[in-house]
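Shown below: protein03.cif, with mmCIF, N, CA and C atoms, pLDDT in the B column; chains and numbers go by the auth columns.
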data_work
loop_
_atom_site.group_PDB
_atom_site.id
_atom_site.type_symbol
_atom_site.label_atom_id
_atom_site.label_comp_id
_atom_site.label_asym_id
_atom_site.label_seq_id
_atom_site.Cartn_x
_atom_site.Cartn_y
_atom_site.Cartn_z
_atom_site.B_iso_or_equiv
_atom_site.auth_seq_id
_atom_site.auth_asym_id
ATOM 1 N N MET A 1 0.836 -1.180 0.000 61.00 6 A
ATOM 2 C CA MET A 1 0.000 0.000 0.000 61.00 6 A
ATOM 3 C C MET A 1 0.885 1.249 0.000 61.00 6 A
ATOM 4 N N ASN A 2 0.430 2.262 -0.722 70.00 7 A
ATOM 5 C CA ASN A 2 1.178 3.502 -0.800 70.00 7 A
ATOM 6 C C ASN A 2 1.118 4.225 0.540 70.00 7 A
ATOM 7 N N ASP A 3 2.281 4.545 1.089 77.00 8 A
ATOM 8 C CA ASP A 3 2.349 5.187 2.404 77.00 8 A
ATOM 9 C C ASP A 3 2.051 6.684 2.356 77.00 8 A
ATOM 10 N N GLU A 4 1.987 7.252 1.161 88.00 9 A
ATOM 11 C CA GLU A 4 1.808 8.696 1.050 88.00 9 A
ATOM 12 C C GLU A 4 0.466 9.107 0.470 88.00 9 A
ATOM 13 N N LEU A 5 -0.243 8.197 -0.171 90.00 10 A
ATOM 14 C CA LEU A 5 -1.453 8.561 -0.906 90.00 10 A
ATOM 15 C C LEU A 5 -2.619 7.666 -0.511 90.00 10 A
ATOM 16 N N ASP A 6 -3.728 8.277 -0.151 94.00 11 A
ATOM 17 C CA ASP A 6 -4.978 7.555 0.092 94.00 11 A
ATOM 18 C C ASP A 6 -5.919 7.837 -1.058 94.00 11 A
ATOM 19 N N ASN A 7 -6.848 6.917 -1.307 96.00 12 A
ATOM 20 C CA ASN A 7 -7.857 7.192 -2.321 96.00 12 A
ATOM 21 C C ASN A 7 -9.215 6.674 -1.860 96.00 12 A
ATOM 22 N N HIS A 8 -10.246 7.218 -2.479 97.00 13 A
ATOM 23 C CA HIS A 8 -11.629 6.887 -2.128 97.00 13 A
ATOM 24 C C HIS A 8 -12.384 6.316 -3.325 97.00 13 A
ATOM 25 N N ILE A 9 -11.665 5.709 -4.238 98.00 14 A
ATOM 26 C CA ILE A 9 -12.280 5.191 -5.460 98.00 14 A
ATOM 27 C C ILE A 9 -13.301 4.109 -5.138 98.00 14 A
ATOM 28 N N HIS A 10 -12.960 3.208 -4.247 97.00 15 A
ATOM 29 C CA HIS A 10 -13.877 2.124 -3.892 97.00 15 A
ATOM 30 C C HIS A 10 -15.206 2.693 -3.385 97.00 15 A
ATOM 31 N N LYS A 11 -15.130 3.672 -2.510 97.00 16 A
ATOM 32 C CA LYS A 11 -16.338 4.305 -1.963 97.00 16 A
ATOM 33 C C LYS A 11 -17.179 4.928 -3.081 97.00 16 A
ATOM 34 N N PHE A 12 -16.536 5.621 -4.008 98.00 17 A
ATOM 35 C CA PHE A 12 -17.268 6.239 -5.114 98.00 17 A
ATOM 36 C C PHE A 12 -17.877 5.181 -6.028 98.00 17 A
ATOM 37 N N ARG A 13 -17.146 4.094 -6.258 98.00 18 A
ATOM 38 C CA ARG A 13 -17.708 3.020 -7.093 98.00 18 A
ATOM 39 C C ARG A 13 -18.962 2.435 -6.448 98.00 18 A
ATOM 40 N N LEU A 14 -18.906 2.201 -5.132 97.00 19 A
ATOM 41 C CA LEU A 14 -20.067 1.651 -4.435 97.00 19 A
ATOM 42 C C LEU A 14 -21.247 2.620 -4.488 97.00 19 A
ATOM 43 N N GLN A 15 -20.991 3.889 -4.286 97.00 20 A
ATOM 44 C CA GLN A 15 -22.063 4.885 -4.347 97.00 20 A
ATOM 45 C C GLN A 15 -22.719 4.938 -5.717 97.00 20 A
ATOM 46 N N HIS A 16 -21.914 4.748 -6.764 97.00 21 A
ATOM 47 C CA HIS A 16 -22.434 4.800 -8.135 97.00 21 A
ATOM 48 C C HIS A 16 -22.828 3.415 -8.662 97.00 21 A
ATOM 49 N N LYS A 17 -22.636 2.407 -7.827 98.00 22 A
ATOM 50 C CA LYS A 17 -23.021 1.024 -8.164 98.00 22 A
ATOM 51 C C LYS A 17 -22.399 0.551 -9.482 98.00 22 A
ATOM 52 N N ILE A 18 -21.073 0.758 -9.579 98.00 23 A
ATOM 53 C CA ILE A 18 -20.360 0.251 -10.752 98.00 23 A
ATOM 54 C C ILE A 18 -19.206 -0.636 -10.299 98.00 23 A
ATOM 55 N N SER A 19 -18.878 -1.581 -11.144 98.00 24 A
ATOM 56 C CA SER A 19 -17.788 -2.512 -10.852 98.00 24 A
ATOM 57 C C SER A 19 -16.450 -1.913 -11.274 98.00 24 A
ATOM 58 N N GLN A 20 -15.389 -2.577 -10.852 98.00 25 A
ATOM 59 C CA GLN A 20 -14.058 -2.164 -11.299 98.00 25 A
ATOM 60 C C GLN A 20 -13.983 -2.234 -12.820 98.00 25 A
ATOM 61 N N GLN A 21 -14.562 -3.263 -13.397 98.00 26 A
ATOM 62 C CA GLN A 21 -14.520 -3.420 -14.854 98.00 26 A
ATOM 63 C C GLN A 21 -15.267 -2.293 -15.557 98.00 26 A
ATOM 64 N N GLU A 22 -16.413 -1.908 -15.023 98.00 27 A
ATOM 65 C CA GLU A 22 -17.185 -0.818 -15.638 98.00 27 A
ATOM 66 C C GLU A 22 -16.420 0.498 -15.572 98.00 27 A
ATOM 67 N N LEU A 23 -15.778 0.767 -14.444 98.00 28 A
ATOM 68 C CA LEU A 23 -14.969 1.980 -14.334 98.00 28 A
ATOM 69 C C LEU A 23 -13.783 1.915 -15.290 98.00 28 A
ATOM 70 N N ALA A 24 -13.136 0.773 -15.322 98.00 29 A
ATOM 71 C CA ALA A 24 -11.987 0.598 -16.219 98.00 29 A
ATOM 72 C C ALA A 24 -12.388 0.838 -17.673 98.00 29 A
ATOM 73 N N ASP A 25 -13.501 0.253 -18.095 98.00 30 A
ATOM 74 C CA ASP A 25 -13.979 0.447 -19.465 98.00 30 A
ATOM 75 C C ASP A 25 -14.288 1.920 -19.743 98.00 30 A
ATOM 76 N N ALA A 26 -14.876 2.591 -18.759 98.00 31 A
ATOM 77 C CA ALA A 26 -15.273 3.986 -18.938 98.00 31 A
ATOM 78 C C ALA A 26 -14.081 4.920 -19.113 98.00 31 A
ATOM 79 N N ILE A 27 -12.957 4.585 -18.477 98.00 32 A
ATOM 80 C CA ILE A 27 -11.804 5.495 -18.568 98.00 32 A
ATOM 81 C C ILE A 27 -10.670 4.946 -19.437 98.00 32 A
ATOM 82 N N GLY A 28 -10.854 3.750 -19.997 98.00 33 A
ATOM 83 C CA GLY A 28 -9.889 3.224 -20.954 98.00 33 A
ATOM 84 C C GLY A 28 -8.652 2.579 -20.358 98.00 33 A
ATOM 85 N N VAL A 29 -8.822 1.902 -19.212 98.00 34 A
ATOM 86 C CA VAL A 29 -7.719 1.155 -18.611 98.00 34 A
ATOM 87 C C VAL A 29 -8.188 -0.265 -18.306 98.00 34 A
ATOM 88 N N SER A 30 -7.299 -1.083 -17.783 98.00 35 A
ATOM 89 C CA SER A 30 -7.678 -2.452 -17.434 98.00 35 A
ATOM 90 C C SER A 30 -8.310 -2.500 -16.040 98.00 35 A
ATOM 91 N N ARG A 31 -9.058 -3.549 -15.783 98.00 36 A
ATOM 92 C CA ARG A 31 -9.647 -3.746 -14.461 98.00 36 A
ATOM 93 C C ARG A 31 -8.549 -3.854 -13.422 98.00 36 A
ATOM 94 N N LYS A 32 -7.444 -4.500 -13.801 98.00 37 A
ATOM 95 C CA LYS A 32 -6.327 -4.654 -12.868 98.00 37 A
ATOM 96 C C LYS A 32 -5.751 -3.295 -12.475 98.00 37 A
ATOM 97 N N THR A 33 -5.721 -2.351 -13.387 98.00 38 A
ATOM 98 C CA THR A 33 -5.254 -1.003 -13.053 98.00 38 A
ATOM 99 C C THR A 33 -6.129 -0.391 -11.977 98.00 38 A
ATOM 100 N N ILE A 34 -7.446 -0.494 -12.135 98.00 39 A
ATOM 101 C CA ILE A 34 -8.364 0.045 -11.124 98.00 39 A
ATOM 102 C C ILE A 34 -8.131 -0.657 -9.794 98.00 39 A
ATOM 103 N N SER A 35 -8.000 -1.967 -9.817 98.00 40 A
ATOM 104 C CA SER A 35 -7.787 -2.733 -8.594 98.00 40 A
ATOM 105 C C SER A 35 -6.516 -2.299 -7.869 98.00 40 A
ATOM 106 N N THR A 36 -5.428 -2.168 -8.604 97.00 41 A
ATOM 107 C CA THR A 36 -4.160 -1.833 -7.957 97.00 41 A
ATOM 108 C C THR A 36 -4.129 -0.385 -7.471 97.00 41 A
ATOM 109 N N VAL A 37 -4.845 0.501 -8.154 96.00 42 A
ATOM 110 C CA VAL A 37 -4.945 1.878 -7.673 96.00 42 A
ATOM 111 C C VAL A 37 -5.769 1.911 -6.390 96.00 42 A
ATOM 112 N N GLU A 38 -6.907 1.221 -6.401 96.00 43 A
ATOM 113 C CA GLU A 38 -7.784 1.192 -5.215 96.00 43 A
ATOM 114 C C GLU A 38 -7.060 0.682 -3.977 96.00 43 A
ATOM 115 N N THR A 39 -6.252 -0.344 -4.141 94.00 44 A
ATOM 116 C CA THR A 39 -5.572 -0.954 -2.994 94.00 44 A
ATOM 117 C C THR A 39 -4.270 -0.241 -2.633 94.00 44 A
ATOM 118 N N GLY A 40 -3.873 0.739 -3.434 92.00 45 A
ATOM 119 C CA GLY A 40 -2.661 1.488 -3.140 92.00 45 A
ATOM 120 C C GLY A 40 -1.382 0.816 -3.581 92.00 45 A
ATOM 121 N N ARG A 41 -1.482 -0.275 -4.345 93.00 46 A
ATOM 122 C CA ARG A 41 -0.273 -0.932 -4.854 93.00 46 A
ATOM 123 C C ARG A 41 0.302 -0.203 -6.052 93.00 46 A
ATOM 124 N N PHE A 42 -0.488 0.689 -6.650 93.00 47 A
ATOM 125 C CA PHE A 42 -0.057 1.428 -7.841 93.00 47 A
ATOM 126 C C PHE A 42 -0.515 2.880 -7.690 93.00 47 A
ATOM 127 N N THR A 43 0.410 3.800 -7.876 94.00 48 A
ATOM 128 C CA THR A 43 0.069 5.221 -7.874 94.00 48 A
ATOM 129 C C THR A 43 -0.271 5.602 -9.308 94.00 48 A
ATOM 130 N N PRO A 44 -1.486 6.082 -9.533 95.00 49 A
ATOM 131 C CA PRO A 44 -1.901 6.359 -10.910 95.00 49 A
ATOM 132 C C PRO A 44 -1.192 7.578 -11.489 95.00 49 A
ATOM 133 N N SER A 45 -1.117 7.597 -12.795 96.00 50 A
ATOM 134 C CA SER A 45 -0.619 8.792 -13.471 96.00 50 A
ATOM 135 C C SER A 45 -1.635 9.912 -13.270 96.00 50 A
ATOM 136 N N VAL A 46 -1.212 11.109 -13.540 97.00 51 A
ATOM 137 C CA VAL A 46 -2.119 12.249 -13.458 97.00 51 A
ATOM 138 C C VAL A 46 -3.282 12.052 -14.427 97.00 51 A
ATOM 139 N N VAL A 47 -3.004 11.532 -15.592 98.00 52 A
ATOM 140 C CA VAL A 47 -4.045 11.322 -16.597 98.00 52 A
ATOM 141 C C VAL A 47 -5.110 10.353 -16.072 98.00 52 A
ATOM 142 N N ILE A 48 -4.683 9.242 -15.496 98.00 53 A
ATOM 143 C CA ILE A 48 -5.642 8.267 -14.963 98.00 53 A
ATOM 144 C C ILE A 48 -6.431 8.877 -13.804 98.00 53 A
ATOM 145 N N ALA A 49 -5.752 9.568 -12.916 98.00 54 A
ATOM 146 C CA ALA A 49 -6.435 10.196 -11.781 98.00 54 A
ATOM 147 C C ALA A 49 -7.473 11.203 -12.270 98.00 54 A
ATOM 148 N N LEU A 50 -7.129 11.998 -13.254 98.00 55 A
ATOM 149 C CA LEU A 50 -8.068 12.981 -13.788 98.00 55 A
ATOM 150 C C LEU A 50 -9.226 12.323 -14.521 98.00 55 A
ATOM 151 N N ARG A 51 -8.969 11.239 -15.219 98.00 56 A
ATOM 152 C CA ARG A 51 -10.058 10.518 -15.897 98.00 56 A
ATOM 153 C C ARG A 51 -11.049 9.949 -14.892 98.00 56 A
ATOM 154 N N ILE A 52 -10.533 9.398 -13.796 98.00 57 A
ATOM 155 C CA ILE A 52 -11.416 8.849 -12.760 98.00 57 A
ATOM 156 C C ILE A 52 -12.246 9.973 -12.156 98.00 57 A
ATOM 157 N N ALA A 53 -11.599 11.078 -11.834 98.00 58 A
ATOM 158 C CA ALA A 53 -12.319 12.216 -11.254 98.00 58 A
ATOM 159 C C ALA A 53 -13.378 12.740 -12.219 98.00 58 A
ATOM 160 N N LYS A 54 -13.033 12.843 -13.484 98.00 59 A
ATOM 161 C CA LYS A 54 -13.994 13.310 -14.491 98.00 59 A
ATOM 162 C C LYS A 54 -15.177 12.344 -14.589 98.00 59 A
ATOM 163 N N HIS A 55 -14.887 11.046 -14.529 98.00 60 A
ATOM 164 C CA HIS A 55 -15.964 10.061 -14.605 98.00 60 A
ATOM 165 C C HIS A 55 -16.974 10.256 -13.473 98.00 60 A
ATOM 166 N N PHE A 56 -16.480 10.526 -12.270 98.00 61 A
ATOM 167 C CA PHE A 56 -17.365 10.715 -11.120 98.00 61 A
ATOM 168 C C PHE A 56 -17.803 12.177 -10.957 98.00 61 A
ATOM 169 N N ASN A 57 -17.311 13.042 -11.843 98.00 62 A
ATOM 170 C CA ASN A 57 -17.676 14.461 -11.839 98.00 62 A
ATOM 171 C C ASN A 57 -17.342 15.136 -10.498 98.00 62 A
ATOM 172 N N VAL A 58 -16.126 14.858 -10.031 98.00 63 A
ATOM 173 C CA VAL A 58 -15.646 15.449 -8.778 98.00 63 A
ATOM 174 C C VAL A 58 -14.212 15.936 -8.983 98.00 63 A
ATOM 175 N N PRO A 59 -13.753 16.863 -8.151 98.00 64 A
ATOM 176 C CA PRO A 59 -12.340 17.261 -8.219 98.00 64 A
ATOM 177 C C PRO A 59 -11.450 16.078 -7.817 98.00 64 A
ATOM 178 N N VAL A 60 -10.284 16.010 -8.397 97.00 65 A
ATOM 179 C CA VAL A 60 -9.374 14.904 -8.116 97.00 65 A
ATOM 180 C C VAL A 60 -9.045 14.822 -6.624 97.00 65 A
ATOM 181 N N GLU A 61 -9.068 15.969 -5.944 96.00 66 A
ATOM 182 C CA GLU A 61 -8.785 15.982 -4.497 96.00 66 A
ATOM 183 C C GLU A 61 -9.836 15.268 -3.680 96.00 66 A
ATOM 184 N N GLN A 62 -11.024 15.058 -4.242 96.00 67 A
ATOM 185 C CA GLN A 62 -12.038 14.285 -3.524 96.00 67 A
ATOM 186 C C GLN A 62 -11.764 12.797 -3.600 96.00 67 A
ATOM 187 N N LEU A 63 -11.012 12.379 -4.591 97.00 68 A
ATOM 188 C CA LEU A 63 -10.678 10.962 -4.780 97.00 68 A
ATOM 189 C C LEU A 63 -9.341 10.587 -4.161 97.00 68 A
ATOM 190 N N PHE A 64 -8.403 11.516 -4.194 96.00 69 A
ATOM 191 C CA PHE A 64 -7.048 11.246 -3.726 96.00 69 A
ATOM 192 C C PHE A 64 -6.627 12.288 -2.709 96.00 69 A
ATOM 193 N N GLU A 65 -5.880 11.851 -1.688 94.00 70 A
ATOM 194 C CA GLU A 65 -5.340 12.796 -0.716 94.00 70 A
ATOM 195 C C GLU A 65 -4.018 12.294 -0.174 94.00 70 A
ATOM 196 N N LEU A 66 -3.132 13.249 0.099 91.00 71 A
ATOM 197 C CA LEU A 66 -1.857 12.914 0.719 91.00 71 A
ATOM 198 C C LEU A 66 -2.066 12.657 2.197 91.00 71 A
ATOM 199 N N ARG A 67 -1.329 11.688 2.717 86.00 72 A
ATOM 200 C CA ARG A 67 -1.421 11.400 4.144 86.00 72 A
ATOM 201 C C ARG A 67 -0.638 12.420 4.923 86.00 72 A
#
Kindly return the structure encoded in the file as structure tokens.
Amino acid sequence: MNDELDNHIHKFRLQHKISQQELADAIGVSRKTISTVETGRFTPSVVIALRIAKHFNVPVEQLFELR
């Protein structure tokens, strides 16, 4: 898990009732990318982070925060 970055992607997915695969398809990445970002094993690029935020129509700071 990333010691410097927290994310709330899982919470947003549950609120919007979408799977990792549906989110991955919507932003053009693999399901594994979503999984590893959610669990903190992978720090997303700025592009991926912005795509996720755009998908949920929220500022990127609502999805990601520094510890």
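What the PyMOL selection byres (((chain A and resi 66 and name CA) around 12) and name CA) picks from this file is A:Leu10, A:Asp11, A:Asn12, A:His13, A:Ile14, A:Val51, A:Ala54, A:Leu55, A:Ile57, A:Ala58, A:Lys59, A:Asn62, A:Val63, A:Pro64, A:Val65, A:Gln67, A:Leu68, A:Phe69, A:Glu70, A:Leu71.
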Need the neighbours of (1.1, 11.0, 7.4): which residues are at most 7 Å away, counting all atoms listed in the file, as an MDAnalysis selection string?
-> chainID A and resid 8:9 71:72
To box stretch 42-45 of chain A, take all atoms listed in the file, fit an axis-aligned box, add 6 Å on each side, and give centre and edge lengths in Å to one decimal, as AutoDock Vina command-line options.
--center_x -4.6 --center_y 0.5 --center_z -5.4 --size_x 18.4 --size_y 14.9 --size_z 17.5
Identify, on the basis of only N, CA and C atoms, every residue whose closest approach to stretch 39-41 of chain A does not exceed 8 Å; exclude the query and any residue fewer than 4 positions from it along the same chain; express the result as a list in words.
-> Gln25, Gln26, Leu28, Ala29, Val34, Ser35, Gly45, Arg46, Phe47, Thr48 and Pro49 of chain A
Output file for the selection above: N, CA and C atoms, as a CSV table (one decimal), keeping the file's coordinate frame:
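Full text of again_1.csv as output:
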chain,number,residue,atom,x,y,z
A,25,GLN,N,-15.4,-2.6,-10.9
A,25,GLN,CA,-14.1,-2.2,-11.3
A,25,GLN,C,-14.0,-2.2,-12.8
A,26,GLN,N,-14.6,-3.3,-13.4
A,26,GLN,CA,-14.5,-3.4,-14.9
A,26,GLN,C,-15.3,-2.3,-15.6
A,28,LEU,N,-15.8,0.8,-14.4
A,28,LEU,CA,-15.0,2.0,-14.3
A,28,LEU,C,-13.8,1.9,-15.3
A,29,ALA,N,-13.1,0.8,-15.3
A,29,ALA,CA,-12.0,0.6,-16.2
A,29,ALA,C,-12.4,0.8,-17.7
A,34,VAL,N,-8.8,1.9,-19.2
A,34,VAL,CA,-7.7,1.2,-18.6
A,34,VAL,C,-8.2,-0.3,-18.3
A,35,SER,N,-7.3,-1.1,-17.8
A,35,SER,CA,-7.7,-2.5,-17.4
A,35,SER,C,-8.3,-2.5,-16.0
A,45,GLY,N,-3.9,0.7,-3.4
A,45,GLY,CA,-2.7,1.5,-3.1
A,45,GLY,C,-1.4,0.8,-3.6
A,46,ARG,N,-1.5,-0.3,-4.3
A,46,ARG,CA,-0.3,-0.9,-4.9
A,46,ARG,C,0.3,-0.2,-6.1
A,47,PHE,N,-0.5,0.7,-6.6
A,47,PHE,CA,-0.1,1.4,-7.8
A,47,PHE,C,-0.5,2.9,-7.7
A,48,THR,N,0.4,3.8,-7.9
A,48,THR,CA,0.1,5.2,-7.9
A,48,THR,C,-0.3,5.6,-9.3
A,49,PRO,N,-1.5,6.1,-9.5
A,49,PRO,CA,-1.9,6.4,-10.9
A,49,PRO,C,-1.2,7.6,-11.5
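Here atom CA of A:Arg56 stands at a distance of 15.1 Å from atom CA of A:His15.
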Enumerate, as number ranges by chain, the complete set of residues in chain A that a backbone-based DSSP assignment places in strand (DSSP E or B).
-> A: 10-12, 69-71
Run DSSP on the backbone and give me the residues of chain A it puts in helix (DSSP H, G or I), as number ranges by chain.
-> A: 14-21, 25-32, 36-43, 51-61, 65-68
